[in-house]
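*Asks:* Structure file entry_30.txt (compact mmCIF, C-alpha atoms) right here:
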# COMPACT_ATOMS: atom_id res chain seq x y z
CA MET S 38 -59.08 -11.20 -25.35
CA ASP S 39 -59.85 -9.82 -21.88
CA ILE S 40 -63.01 -11.69 -20.79
CA GLY S 41 -63.56 -9.28 -17.92
CA ALA S 42 -63.75 -6.30 -20.32
CA ILE S 43 -66.26 -8.14 -22.51
CA ILE S 44 -68.50 -8.90 -19.51
CA LYS S 45 -68.35 -5.29 -18.35
CA ALA S 46 -69.24 -4.07 -21.86
CA VAL S 47 -72.24 -6.43 -22.06
CA ILE S 48 -73.48 -5.31 -18.64
CA TRP S 49 -73.09 -1.65 -19.61
CA LEU S 50 -74.98 -2.12 -22.88
CA GLY S 51 -77.71 -4.02 -21.06
CA LEU S 52 -78.17 -1.26 -18.49
CA VAL S 53 -78.19 1.48 -21.15
CA PHE S 54 -80.74 -0.44 -23.23
CA LEU S 55 -83.04 -0.95 -20.23
CA TYR S 56 -82.76 2.75 -19.45
CA ALA S 57 -83.55 3.71 -23.06
CA PHE S 58 -86.42 1.23 -23.26
CA GLY S 59 -87.94 2.44 -20.00
CA ALA S 60 -87.36 6.18 -20.42
CA GLY S 61 -87.83 6.45 -24.17
CA GLY S 62 -86.65 9.47 -26.13
CA LYS S 63 -83.82 10.11 -28.58
CA VAL S 64 -81.04 10.83 -26.09
CA PRO S 65 -81.14 7.49 -24.22
CA TYR S 66 -81.28 5.55 -27.50
CA PHE S 67 -78.50 7.69 -28.97
CA LEU S 68 -76.40 6.84 -25.92
CA PHE S 69 -77.19 3.15 -26.38
CA TYR S 70 -76.32 3.03 -30.09
CA THR S 71 -73.17 5.13 -29.59
CA SER S 72 -72.00 2.74 -26.87
CA LEU S 73 -72.82 -0.21 -29.12
CA VAL S 74 -70.75 1.22 -32.00
CA ILE S 75 -67.80 2.05 -29.71
CA PHE S 76 -67.78 -1.38 -28.14
CA ALA S 77 -68.13 -3.17 -31.47
CA ALA S 78 -65.35 -1.12 -33.08
CA GLY S 79 -63.14 -1.54 -30.02
CA PHE S 80 -63.71 -5.31 -29.96
CA VAL S 81 -62.82 -5.70 -33.65
CA TRP S 82 -59.82 -3.40 -33.29
CA ALA S 83 -58.47 -5.28 -30.28
CA PHE S 84 -58.99 -8.59 -32.09
CA ILE S 85 -57.08 -7.39 -35.17
CA ASN S 86 -54.28 -6.11 -32.92
CA ARG S 87 -53.57 -9.69 -31.95
CA ARG S 88 -51.46 -9.87 -35.11
CA VAL S 89 -48.61 -8.17 -33.26
CA SER S 90 -45.51 -10.40 -32.87
CA ALA S 91 -42.53 -9.93 -30.57
CA LEU S 92 -39.07 -11.49 -30.30
CA CYS S 93 -36.29 -10.87 -27.78
CA TYR S 94 -32.73 -12.10 -28.22
CA THR S 95 -29.12 -11.37 -27.29
CA GLU S 96 -25.81 -11.83 -29.07
CA SER S 97 -24.31 -14.10 -26.42
CA LEU S 98 -25.73 -16.53 -23.90
CA SER S 99 -22.52 -16.57 -21.85
CA THR S 100 -20.94 -13.60 -20.11
CA GLN S 101 -19.44 -12.68 -16.74
CA VAL S 102 -20.28 -10.54 -13.75
CA GLY S 103 -19.68 -6.86 -14.41
CA SER S 104 -20.16 -7.17 -18.17
CA LYS S 105 -23.02 -5.54 -20.04
CA VAL S 106 -25.35 -7.61 -22.18
CA LYS S 107 -27.10 -6.07 -25.17
CA PHE S 108 -30.70 -7.21 -25.57
CA THR S 109 -32.74 -6.62 -28.71
CA LEU S 110 -36.56 -6.55 -28.74
CA GLU S 111 -38.29 -6.74 -32.13
CA VAL S 112 -42.01 -5.97 -32.26
CA GLU S 113 -43.92 -6.09 -35.56
CA ASN S 114 -47.46 -5.15 -36.53
CA ARG S 115 -48.46 -7.66 -39.22
CA SER S 116 -51.88 -6.13 -39.84
CA GLY S 117 -52.97 -3.17 -41.95
CA TRP S 118 -54.49 -1.42 -38.94
CA PRO S 119 -52.51 0.92 -36.69
CA VAL S 120 -51.97 -0.27 -33.14
CA PRO S 121 -52.53 2.65 -30.75
CA TRP S 122 -50.57 1.05 -27.94
CA VAL S 123 -48.47 -2.04 -27.33
CA GLN S 124 -47.05 -3.09 -23.98
CA CYS S 125 -44.35 -5.78 -23.84
CA TRP S 126 -43.35 -7.42 -20.55
CA VAL S 127 -40.10 -9.34 -21.05
CA GLN S 128 -38.93 -11.94 -18.53
CA MET S 129 -35.34 -10.86 -17.89
CA PRO S 130 -32.51 -12.83 -16.23
CA GLY S 131 -32.27 -12.37 -12.47
CA THR S 132 -28.65 -11.25 -12.83
CA PHE S 133 -29.85 -7.73 -13.69
CA ASP S 134 -31.68 -7.21 -10.36
CA LEU S 135 -34.71 -5.69 -12.08
CA PRO S 136 -38.00 -5.43 -10.13
CA ASP S 137 -39.70 -8.83 -10.49
CA ASN S 138 -37.07 -9.58 -13.19
CA LEU S 139 -39.29 -7.88 -15.78
CA GLY S 140 -38.56 -5.30 -18.46
CA CYS S 141 -41.54 -3.21 -19.62
CA TYR S 142 -41.72 -1.38 -22.97
CA THR S 143 -44.70 0.64 -24.26
CA PHE S 144 -45.13 2.25 -27.69
CA SER S 145 -47.46 2.48 -30.69
CA LEU S 146 -47.18 0.88 -34.13
CA LYS S 147 -48.27 2.00 -37.56
CA ALA S 148 -49.71 -0.44 -40.07
CA HIS S 149 -47.10 -3.08 -40.97
CA GLU S 150 -44.50 -1.26 -38.87
CA LYS S 151 -41.60 -3.03 -37.18
CA LYS S 152 -39.78 -1.53 -34.21
CA VAL S 153 -36.42 -2.68 -32.90
CA LEU S 154 -35.40 -1.66 -29.38
CA HIS S 155 -31.91 -2.12 -27.90
CA GLU S 156 -30.92 -2.05 -24.25
CA GLU S 157 -27.70 -2.81 -22.41
CA LEU S 158 -27.92 -4.15 -18.88
CA GLU S 159 -25.13 -4.98 -16.44
CA CYS S 160 -24.79 -8.47 -14.99
CA ARG S 161 -24.63 -8.24 -11.21
CA GLN S 162 -24.92 -11.88 -10.18
CA ARG S 163 -23.33 -15.07 -11.42
CA GLY S 164 -25.35 -18.18 -12.14
CA ARG S 165 -27.63 -19.75 -14.72
CA PHE S 166 -30.71 -17.69 -15.41
CA SER S 167 -33.83 -18.39 -17.46
CA TRP S 168 -35.32 -15.60 -19.55
CA GLY S 169 -37.05 -14.85 -22.85
CA SER S 170 -40.80 -15.18 -22.19
CA ILE S 171 -42.74 -12.14 -23.48
CA LEU S 172 -46.24 -10.98 -22.55
CA VAL S 173 -47.65 -8.73 -25.28
CA ARG S 174 -50.69 -6.58 -24.40
CA THR S 175 -52.55 -4.50 -26.99
CA GLY S 176 -55.99 -2.90 -27.21
CA ASP S 177 -58.28 -0.47 -28.96
CA ILE S 178 -57.99 3.30 -29.04
CA PHE S 179 -60.93 3.67 -26.66
CA GLY S 180 -59.21 1.67 -23.94
CA VAL S 181 -62.15 -0.70 -23.55
CA PHE S 182 -60.77 -4.04 -24.71
CA THR S 183 -57.31 -5.53 -24.28
CA SER S 184 -55.65 -8.55 -25.83
CA SER S 185 -52.82 -10.52 -24.21
CA GLN S 186 -50.49 -13.08 -25.76
CA HIS S 187 -47.49 -15.01 -24.49
CA MET S 188 -44.62 -15.22 -26.95
CA GLY S 189 -41.00 -16.22 -27.02
CA GLU S 190 -39.21 -19.31 -25.77
CA MET S 191 -37.48 -19.60 -22.44
CA LYS S 192 -33.71 -19.56 -22.84
CA GLN S 193 -30.80 -19.71 -20.43
CA ILE S 194 -27.93 -17.29 -19.98
CA VAL S 195 -24.82 -18.29 -18.04
CA VAL S 196 -23.10 -15.55 -16.06
CA LEU S 197 -19.56 -16.54 -15.10
CA PRO S 198 -17.72 -15.13 -12.08
CA LYS S 199 -15.88 -11.85 -12.47
CA ILE S 200 -12.23 -12.42 -13.38
CA TYR S 201 -9.41 -10.03 -12.54
CA ASP S 202 -6.02 -10.00 -14.19
CA LEU S 203 -3.72 -11.01 -11.32
CA GLY S 204 -0.54 -10.81 -13.37
CA ASP S 205 1.80 -13.63 -14.34
CA ASP S 206 3.84 -14.36 -11.23
CA LEU S 207 2.19 -16.92 -8.96
CA GLY S 208 5.10 -16.69 -6.58
CA ILE S 209 4.51 -13.04 -5.68
CA ILE S 210 1.83 -13.96 -3.16
CA TYR S 211 4.25 -16.04 -1.08
CA SER S 212 5.38 -13.73 1.66
CA GLN S 213 8.64 -14.17 3.59
CA GLY S 214 10.50 -14.83 0.32
CA LEU S 215 9.21 -18.36 -0.15
CA GLY S 216 9.09 -17.93 -3.93
CA LEU S 217 7.87 -20.42 -6.47
CA ASN S 218 8.38 -24.03 -5.47
CA ARG S 219 8.52 -27.09 -7.65
CA GLY S 220 4.79 -27.65 -7.19
CA LEU S 221 4.19 -24.58 -9.37
CA THR S 222 6.56 -25.40 -12.20
CA ARG S 223 5.12 -24.32 -15.53
CA ARG S 224 4.23 -26.88 -18.11
CA GLY S 225 6.92 -26.79 -20.74
CA ARG S 226 9.51 -25.15 -18.48
CA SER S 227 12.11 -26.57 -16.13
CA GLY S 228 11.40 -30.13 -15.08
CA SER S 229 9.94 -31.11 -18.48
CA GLU S 230 11.73 -32.60 -21.48
CA PHE S 231 11.19 -31.36 -25.04
CA MET S 232 9.52 -34.07 -27.16
CA GLY S 233 8.66 -32.32 -30.44
CA VAL S 234 6.03 -30.07 -31.98
CA ARG S 235 2.32 -30.40 -32.75
CA LYS S 236 -0.46 -28.24 -34.19
CA TYR S 237 -1.62 -25.24 -32.17
CA ASP S 238 -4.71 -25.74 -30.02
CA SER S 239 -6.95 -22.92 -28.80
CA GLY S 240 -5.99 -23.68 -25.21
CA ASP S 241 -2.23 -23.40 -25.74
CA GLY S 242 -0.33 -20.39 -24.44
CA ILE S 243 1.48 -18.08 -26.84
CA SER S 244 4.78 -18.76 -25.07
CA ARG S 245 4.64 -22.39 -26.27
CA ILE S 246 4.54 -21.54 -29.98
CA HIS S 247 7.59 -22.80 -31.91
CA TRP S 248 8.05 -19.82 -34.22
CA LYS S 249 10.78 -21.25 -36.42
CA ALA S 250 8.92 -24.48 -37.06
CA SER S 251 5.70 -22.53 -37.65
CA ALA S 252 7.40 -20.33 -40.23
CA ARG S 253 8.73 -23.37 -42.12
CA SER S 254 5.39 -25.18 -42.19
CA GLN S 255 3.19 -22.09 -42.64
CA ASN S 256 1.06 -23.34 -39.73
CA LEU S 257 1.13 -22.55 -36.03
CA LEU S 258 3.01 -25.27 -34.16
CA VAL S 259 3.63 -25.53 -30.43
CA LYS S 260 6.34 -27.21 -28.44
CA GLU S 261 5.37 -30.51 -26.88
CA PHE S 262 6.98 -31.49 -23.58
CA GLU S 263 6.93 -34.63 -21.55
CA GLU S 264 4.54 -33.95 -18.70
CA ASN S 265 5.95 -33.51 -15.22
CA ASN S 266 3.50 -34.65 -12.57
CA ASN S 267 4.84 -32.16 -10.02
CA TYR S 268 3.57 -28.97 -11.64
CA GLY S 269 0.22 -27.37 -10.97
CA PHE S 270 -1.84 -26.07 -8.09
CA ILE S 271 -5.27 -26.65 -6.64
CA ILE S 272 -7.72 -24.05 -5.30
CA ILE S 273 -9.72 -25.01 -2.23
CA LEU S 274 -12.89 -22.97 -1.77
CA ASP S 275 -14.79 -23.17 1.51
CA ALA S 276 -18.52 -22.68 0.79
CA ASP S 277 -19.87 -23.58 4.24
CA GLU S 278 -22.58 -21.02 5.06
CA LYS S 279 -21.29 -20.75 8.64
CA HIS S 280 -18.03 -19.38 7.25
CA HIS S 281 -19.52 -16.57 5.16
CA ARG S 282 -21.36 -13.29 5.72
CA GLY S 283 -23.50 -10.88 3.72
CA SER S 284 -25.72 -11.32 0.70
CA GLY S 285 -25.86 -10.13 -2.89
CA PRO S 286 -22.94 -9.17 -5.12
CA ASP S 287 -20.85 -7.83 -2.21
CA CYS S 288 -21.03 -10.85 0.09
CA SER S 289 -17.99 -12.82 1.21
CA LEU S 290 -18.83 -15.82 -0.98
CA GLU S 291 -18.79 -13.68 -4.13
CA LYS S 292 -15.40 -12.29 -3.14
CA ALA S 293 -14.13 -15.82 -2.61
CA VAL S 294 -15.52 -17.07 -5.94
CA THR S 295 -14.03 -14.08 -7.80
CA LEU S 296 -10.64 -14.79 -6.22
CA ALA S 297 -10.87 -18.49 -7.14
CA ALA S 298 -11.84 -17.71 -10.76
CA SER S 299 -9.03 -15.17 -11.08
CA LEU S 300 -6.47 -17.64 -9.74
CA ALA S 301 -7.67 -20.29 -12.18
CA ALA S 302 -7.46 -17.79 -15.06
CA MET S 303 -3.91 -16.85 -14.11
CA GLY S 304 -2.89 -20.50 -13.98
CA SER S 305 -4.52 -21.32 -17.31
CA ARG S 306 -3.04 -18.26 -19.03
CA ASN S 307 0.47 -19.19 -17.89
CA SER S 308 0.13 -22.92 -18.69
CA TYR S 309 0.09 -24.12 -15.08
CA GLY S 310 -1.90 -27.18 -14.19
CA THR S 311 -5.00 -25.94 -12.35
CA GLY S 312 -7.66 -27.68 -10.32
CA ILE S 313 -10.35 -26.74 -7.83
CA ALA S 314 -12.20 -28.30 -4.93
CA VAL S 315 -15.29 -26.78 -3.30
CA SER S 316 -16.44 -27.86 0.16
CA GLY S 317 -19.98 -27.41 1.44
CA SER S 318 -22.55 -30.03 2.30
CA GLN S 319 -20.91 -31.95 -0.54
CA ILE S 320 -17.52 -31.84 -2.24
CA ALA S 321 -17.20 -30.75 -5.87
CA ARG S 322 -13.81 -31.29 -7.41
CA VAL S 323 -12.14 -30.66 -10.77
CA PRO S 324 -8.73 -32.35 -10.90
CA ILE S 325 -5.62 -30.57 -12.11
CA GLY S 326 -5.62 -30.13 -15.87
CA TYR S 327 -4.64 -27.86 -18.73
CA GLY S 328 -6.07 -25.93 -21.62
CA LYS S 329 -8.99 -23.66 -22.31
CA GLY S 330 -11.54 -26.47 -22.08
CA HIS S 331 -10.36 -27.42 -18.61
CA PHE S 332 -10.44 -23.78 -17.49
CA ASN S 333 -14.04 -23.51 -18.74
CA LEU S 334 -14.88 -26.60 -16.68
CA ILE S 335 -13.55 -24.85 -13.56
CA LEU S 336 -15.64 -21.76 -14.36
CA GLU S 337 -18.76 -23.88 -14.83
CA THR S 338 -18.13 -25.39 -11.40
CA LEU S 339 -17.82 -21.92 -9.86
CA VAL S 340 -21.01 -20.70 -11.55
CA GLY S 341 -23.12 -22.98 -9.37
CA VAL S 342 -21.33 -22.45 -6.04
CA ARG S 343 -23.74 -21.51 -3.24
CA THR S 344 -23.33 -21.39 0.51
CA GLU S 345 -24.58 -24.64 1.95
CA ALA S 346 -25.45 -25.90 5.39
CA GLY S 347 -24.12 -29.33 6.12
CA LEU S 348 -21.88 -31.49 8.20
CA ASP S 349 -18.39 -30.33 8.99
CA CYS S 350 -16.68 -32.15 6.15
CA TRP S 351 -13.17 -30.70 6.44
CA GLU S 352 -11.67 -33.99 7.58
CA ARG S 353 -12.88 -36.05 4.61
CA PHE S 354 -12.39 -33.02 2.40
CA SER S 355 -8.74 -32.59 3.34
CA ASP S 356 -8.17 -36.33 3.06
CA SER S 357 -9.55 -36.29 -0.50
CA VAL S 358 -7.50 -33.25 -1.55
CA PHE S 359 -4.15 -33.73 0.17
CA THR S 360 -3.42 -37.08 -1.43
CA GLY S 361 -1.27 -38.09 -4.36
CA LYS S 362 1.36 -35.81 -5.87
CA ARG S 363 2.29 -32.64 -4.01
CA CYS S 364 1.20 -29.39 -5.60
CA GLY S 365 0.70 -25.76 -4.71
CA THR S 366 -2.47 -25.12 -2.72
CA TYR S 367 -4.60 -22.00 -2.29
CA LEU S 368 -7.15 -22.24 0.53
CA ILE S 369 -9.92 -19.60 0.53
CA THR S 370 -11.99 -19.57 3.71
CA GLY S 371 -13.68 -17.33 6.24
CA PHE S 372 -12.96 -19.58 9.21
CA ILE S 373 -9.89 -21.08 10.77
CA ASP S 374 -9.34 -22.96 14.01
CA GLY S 375 -6.65 -24.93 15.75
CA ASN S 376 -7.48 -28.27 14.13
CA LEU S 377 -7.28 -26.81 10.64
CA VAL S 378 -4.01 -25.04 11.43
CA ASP S 379 -2.50 -28.28 12.71
CA ARG S 380 -3.50 -30.09 9.52
CA LEU S 381 -2.11 -27.39 7.27
CA ILE S 382 1.19 -27.27 9.13
CA ARG S 383 1.50 -31.04 8.81
CA MET S 384 0.85 -30.76 5.08
CA LYS S 385 3.51 -28.06 4.88
CA HIS S 386 6.05 -30.32 6.58
CA ARG S 387 5.20 -33.05 4.05
CA GLY S 388 6.19 -30.74 1.19
CA TRP S 389 2.96 -28.97 0.25
CA GLU S 390 3.25 -25.26 -0.56
CA ILE S 391 0.17 -23.62 0.95
CA VAL S 392 -1.29 -20.12 0.87
CA VAL S 393 -4.33 -19.32 3.02
CA PHE S 394 -6.64 -16.49 2.00
CA LEU S 395 -8.60 -15.49 5.11
CA LEU S 396 -11.80 -13.50 4.63
CA LYS S 397 -12.43 -10.78 7.20
CA LEU S 398 -16.08 -11.65 7.69
CA GLU S 399 -16.91 -8.55 9.75
CA SER S 400 -16.24 -6.35 6.70
CA PHE S 401 -19.01 -8.13 4.75
CA GLY S 402 -21.70 -7.51 7.34
CA GLY S 403 -22.52 -8.66 10.83
CA ARG S 404 -20.06 -9.54 13.54
CA ASP S 405 -17.34 -12.12 13.40
CA ILE S 406 -16.99 -13.63 16.85
CA THR S 407 -13.89 -15.55 15.71
CA ALA S 408 -11.86 -12.44 14.78
CA GLU S 409 -9.59 -12.64 17.83
CA ASN S 410 -9.03 -16.37 17.37
CA ARG S 411 -8.41 -15.78 13.65
CA GLN S 412 -5.51 -13.45 14.44
CA LYS S 413 -3.93 -15.96 16.79
CA GLU S 414 -4.25 -18.90 14.37
CA ALA S 415 -2.96 -16.81 11.46
CA LEU S 416 0.20 -16.09 13.46
CA ARG S 417 0.60 -19.83 14.04
CA LEU S 418 0.30 -20.47 10.31
CA ARG S 419 2.91 -17.86 9.49
CA GLY S 420 5.18 -19.30 12.15
CA GLY S 421 4.80 -22.68 10.44
CA GLY S 422 5.96 -21.24 7.10
CA ILE S 423 2.49 -20.89 5.55
CA SER S 424 1.60 -17.62 3.84
CA VAL S 425 -1.57 -15.94 5.11
CA VAL S 426 -3.31 -13.19 3.17
CA MET S 427 -6.20 -11.25 4.68
CA VAL S 428 -9.01 -10.29 2.31
CA ASP S 429 -11.85 -7.94 3.16
CA ARG S 430 -14.70 -6.39 1.23
CA GLN S 431 -12.58 -3.47 -0.01
CA THR S 432 -9.51 -5.50 -1.02
CA ASP S 433 -8.48 -4.91 -4.63
CA LEU S 434 -7.41 -8.33 -5.84
CA ARG S 435 -5.39 -6.87 -8.71
CA LEU S 436 -3.25 -4.85 -6.31
CA LEU S 437 -3.02 -7.78 -3.95
CA PHE S 438 -1.26 -9.96 -6.50
CA ARG S 439 1.02 -7.23 -7.68
CA GLY S 440 2.53 -7.05 -4.25
CA LEU S 441 1.13 -3.55 -3.60
CA GLU S 442 -1.38 -4.52 -0.96
CA TYR S 443 -0.93 -7.27 1.62
CA GLY S 444 -3.51 -7.75 4.31
CA ASN S 445 -2.51 -7.94 7.93
CA CYS S 446 -4.23 -9.63 10.79
When written as structure tokens, how does the structure in this file appear?
*Replies:*
Amino acid sequence: MDIGAIIKAVIWLGLVFLYAFGAGGKVPYFLFYTSLVIFAAGFVWAFINRRVSALCYTESLSTQVGSKVKFTLEVENRSGWPVPWVQCWVQMPGTFDLPDNLGCYTFSLKAHEKKVLHEELECRQRGRFSWGSILVRTGDIFGVFTSSQHMGEMKQIVVLPKIYDLGDDLGIIYSQGLGLNRGLTRRGRSGSEFMGVRKYDSGDGISRIHWKASARSQNLLVKEFEENNNYGFIIILDADEKHHRGSGPDCSLEKAVTLAASLAAMGSRNSYGTGIAVSGSQIARVPIGYGKGHFNLILETLVGVRTEAGLDCWERFSDSVFTGKRCGTYLITGFIDGNLVDRLIRMKHRGWEIVVFLLKLESFGGRDITAENRQKEALRLRGGGISVVMVDRQTDLRLLFRGLEYGNC
């Protein structure tokens, strides 16, 4: 119950009573008793209205940027008195970009009435967001007293990066006819030996199903191959805040994360080994692996990626990534200099197949003072046999991987 309203009511009644006592007459006392009845009825009404309950829930606690989430708010009047007004303030996830992350709903309820409200909101930011707390405010018909209650439990919704369908051909992005090298050999294709069949797992690709054996056993079976350690690729995502521009859903980091998630999805869908490494103030790495569970692990890593200020860790980062078996490598960054180019060319000569996605930072906001140097170093990379793809704010990633749109320095 609103203590402030009670104090104001008591003060008002006290002043009216003193006026009636000092002035005498029917009108002052009528005013006093009328006020007393209104305040008493309003207090009781507001107290009874506390029997209003509210619940907010959603069908899924995991979605992705660009998707719409359907929220349901259930409000019930459990008393036999009508509720003239109810106001529900729902703590919404920050991904919706609502003012103060709050949704406000106002309506009235009849005795024992239950109202169910539905609303669809679009996810605009990736991340893990808390939501679910509800502030329910009710009051009497006179507008004198209000009652507030906190309901609902805090929950968490995970918003994954937006994922584009980049097609099925990982080799299309290699300009100058480089094609698909052995580092990108599919699991279960050339370079692997057939070992037998096993039961279908949710992470297995449809192309691996052994249809004849499945028909005989009346169960889905997939072909099992001896693993070849040369297949697979790793995505390197540069999250250094000095190498990114802009803020919000259209910043360079979000473009880079979307590209990384789409690459990982393409690899997982086509049964390529896929891994990721993120460099910032620290290094987060998911080694090359297979299956739906491994792909989800990569997405969970990308959910928490933020630009970070830290030491220039490229040297230890590259040393930790470019070790062991050779594999295809996608580097996504907004900065490139001579030292990095030299390292990449050396890796290329040692048998690594590398593609560099360079973000045009000036298109995301602000000025990129390294634009001229970027053009020069990109030419050096191309001269060293490394594919370079320019990505700006307007680049359509789906067209990019279908060979319809290639960026130029």
*Asks:* Please provide the set of residues having any atom within 7 Å of Asn114 in chain S, restricted to all atoms listed in the file, with same-chain residues fewer than 4 positions apart removed, written as a PyMOL selection string.
*Replies:* chain S and resi 88-90+146+148-151
*Asks:* Using CA of Asp275 in chain S and CA of Thr370 in chain S as the two end points, give the distance in Å to one decimal.
*Replies:*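 CA of Asp275 in chain S sits 5.1 Å away from CA of Thr370 in chain S.
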*Asks:* Scan for residues within 12 Å of the point (-30.3, -18.0, -21.4) in the coordinates of the file, using all atoms listed in the file, and reply as a list in words.
*Replies:*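 All residues meeting the 12 Å criterion around (-30.3, -18.0, -21.4) are Cys93, Tyr94, Thr95, Glu96, Ser97, Leu98, Ser99, Thr100, Val106, Phe108, Gln128, Met129, Pro130, Gly131, Thr132, Gly164, Arg165, Phe166, Ser167, Trp168, Gly169, Ser170, Glu190, Met191, Lys192, Gln193, Ile194, Val195 and Val196 of chain S.
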*Asks:* Kindly export the residues of the current selection with C-alpha atoms, as an mmCIF file, in the coordinates of the input.
*Replies:*
data_model
loop_
_atom_site.group_PDB
_atom_site.id
_atom_site.type_symbol
_atom_site.label_atom_id
_atom_site.label_comp_id
_atom_site.auth_asym_id
_atom_site.auth_seq_id
_atom_site.Cartn_x
_atom_site.Cartn_y
_atom_site.Cartn_z
ATOM 1 C CA CYS S 93 -36.290 -10.870 -27.780
ATOM 2 C CA TYR S 94 -32.730 -12.100 -28.220
ATOM 3 C CA THR S 95 -29.120 -11.370 -27.290
ATOM 4 C CA GLU S 96 -25.810 -11.830 -29.070
ATOM 5 C CA SER S 97 -24.310 -14.100 -26.420
ATOM 6 C CA LEU S 98 -25.730 -16.530 -23.900
ATOM 7 C CA SER S 99 -22.520 -16.570 -21.850
ATOM 8 C CA THR S 100 -20.940 -13.600 -20.110
ATOM 9 C CA VAL S 106 -25.350 -7.610 -22.180
ATOM 10 C CA PHE S 108 -30.700 -7.210 -25.570
ATOM 11 C CA GLN S 128 -38.930 -11.940 -18.530
ATOM 12 C CA MET S 129 -35.340 -10.860 -17.890
ATOM 13 C CA PRO S 130 -32.510 -12.830 -16.230
ATOM 14 C CA GLY S 131 -32.270 -12.370 -12.470
ATOM 15 C CA THR S 132 -28.650 -11.250 -12.830
ATOM 16 C CA GLY S 164 -25.350 -18.180 -12.140
ATOM 17 C CA ARG S 165 -27.630 -19.750 -14.720
ATOM 18 C CA PHE S 166 -30.710 -17.690 -15.410
ATOM 19 C CA SER S 167 -33.830 -18.390 -17.460
ATOM 20 C CA TRP S 168 -35.320 -15.600 -19.550
ATOM 21 C CA GLY S 169 -37.050 -14.850 -22.850
ATOM 22 C CA SER S 170 -40.800 -15.180 -22.190
ATOM 23 C CA GLU S 190 -39.210 -19.310 -25.770
ATOM 24 C CA MET S 191 -37.480 -19.600 -22.440
ATOM 25 C CA LYS S 192 -33.710 -19.560 -22.840
ATOM 26 C CA GLN S 193 -30.800 -19.710 -20.430
ATOM 27 C CA ILE S 194 -27.930 -17.290 -19.980
ATOM 28 C CA VAL S 195 -24.820 -18.290 -18.040
ATOM 29 C CA VAL S 196 -23.100 -15.550 -16.060
#
*Asks:* Please list as a PyMOL selection string every residue within 7 Å of Asp277 in chain S, counting all atoms listed in the file and excluding residues in the same chain fewer than 6 positions away.
*Replies:* chain S and resi 316-317+344-346
*Asks:* Would you save the residues from that selection as a PDB file, in the frame of the given file, using C-alpha atoms?
*Replies:*
ATOM      1  CA  SER S 316     -16.440 -27.860   0.160  1.00  0.00           C
ATOM      2  CA  GLY S 317     -19.980 -27.410   1.440  1.00  0.00           C
ATOM      3  CA  THR S 344     -23.330 -21.390   0.510  1.00  0.00           C
ATOM      4  CA  GLU S 345     -24.580 -24.640   1.950  1.00  0.00           C
ATOM      5  CA  ALA S 346     -25.450 -25.900   5.390  1.00  0.00           C
TER       6      ALA S 346
END
*Asks:* Dig up all the protein and nucleic acid residues within 10 Å of (-62.5, 0.9, -27.9) in the file frame, using all atoms listed in the file, and format them as a VMD selection string.
*Replies:* chain S and resid 72 74 to 83 176 to 183
*Asks:* Which residues come within 12 Å of range 111-113 of chain S, counting all atoms listed in the file, excluding same-chain residues fewer than 3 positions away, as a ChimeraX atom specification?
*Replies:* /S:86-95,108,116-117,119-120,122-127,142-156,171-175,188-189
*Asks:* Figure out the distance between CA of Val64 in chain S and CA of Leu52 in chain S, please, to one decimal in Å.
*Replies:* 14.6 Å
*Asks:* Quick one, how far is CA of Met427 in chain S from CA of Gly310 in chain S?
*Replies:* 25.1 Å
*Asks:* Could you check the closest approach to Leu334 in chain S for each of S:Glu291, S:Val425, S:Gly103, S:Leu197 and tell me which residue wins, using only C-alpha atoms?
*Replies:*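 Distance minimum relative to Leu334 in chain S lands on S:Leu197.
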